[in-house]
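Colleague: Pasting a structure here, questions to come.
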Amino acid sequence: MNWSELNMSEDSVKVFQELIERKEKLESSKRFRVIYLVFTGCLALFFAYSFYRTVMVGSGGNTMAMLDALFSDKKMLYTLALSVAAMLFTKNVLYRVEKAKKKYDTLREETIDRLEYSWSFHMSQEMRDQLSSYMKERHDINLRYKG
């Protein structure tokens, strides 16, 4: 579908292009979110297993011996630091995904409102249905319902 076929203004075309870009950015962020969550989970499990095997078993339950074993082993400290850093980074990625989702949903709702109210005077119902179908099939963007 060519945007010129729908006889829309340049501003309307830019809104749709921005909506498509935000959807692609959101989907990309969601894919990376899964990768970071798996990596962080594996790293945390590795640290927990290493901590149990090296520190807890070796110290015999003595807290001071556990702290000494933890801080004297450089590999454990690096693993702990990497685990904490990965968790913080993953939290940041999750925040960015939520922010991208909110921006996408806001623009999508504004686009639906424009389709329902202001564009209804300039576009026929068939063109609007064709546009909604195109966006759903091609980009998986729902322009029929806000919810």
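By convention in this document, the chains of the structure tokens carry letters A, B, ... by their order, each chain's residues are numbered from 1, and ligands are numbered from 1 in the order they are shown.
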Tell me, as JSON, numbers by chain, which residues lie within 12 Å of region 67-82 of chain A, counting only C-alpha atoms; anything in the same chain fewer than 2 positions away does not count.

Modeller: {"A": [39, 40, 41, 42, 43, 44, 45, 46, 47, 48, 49, 50, 51, 52, 53, 54, 55, 56, 57, 58, 59, 60, 61, 62, 63, 64, 65, 84, 85, 86, 87, 88, 89, 90]}

Colleague: Would you compute the distance between CA of Arg128 (chain A) and CA of Leu115 (chain A)? Give it in Å to one decimal.

Modeller: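 These atoms are spaced 7.3 Å apart.
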
Colleague: A:Leu143, A:Val97, A:Leu131, A:Ile112: which is nearest Leu26 (chain A), counting only C-alpha atoms?

Modeller: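 Of A:Leu143, A:Val97, A:Leu131, A:Ile112, the one nearest Leu26 (chain A), counting only C-alpha atoms, is A:Val97.
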
Colleague: Go through A:Ile20, A:Leu107, A:Met8, A:Val38 and flag the residue nearest Lys146 (chain A), using only C-alpha atoms for the distances.

Modeller: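 So, comparing all the options, the nearest one is A:Leu107.
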
Colleague: Using the chain letters and numbers from this document, which residues of chain A does DSSP assign to alpha helix (DSSP H), as number ranges by chain?

Modeller: A: 10-50, 57-59, 63-72, 74-116, 125-139

Colleague: Calculate how many Å separate CA of Lys30 (chain A) from CA of Asp105 (chain A), rounding to one decimal.

Modeller: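 CA of Asp105 (chain A) lies at a distance of 14.7 Å from CA of Lys30 (chain A).
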
Colleague: Have a look at A:Tyr145, A:Tyr134, A:Tyr104, A:Tyr117 and name the one nearest to Val15 (chain A); count only C-alpha atoms.

Modeller: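 Nearest to Val15 (chain A): A:Tyr104.
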
Colleague: For Ile141 (chain A), which residue out of A:Arg33, A:Arg114, A:Lys99, A:Lys23 is the nearest one, using only C-alpha atoms?

Modeller: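 Selected residue with least distance to Ile141 (chain A): A:Lys23.
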
Colleague: Restricting the calculation to only C-alpha atoms: of A:Val93, A:Met127, A:Met66, A:Met135, which residue gets closest to Arg31 (chain A)?

Modeller: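 For Arg31 (chain A), the nearest of the candidates is A:Val93.
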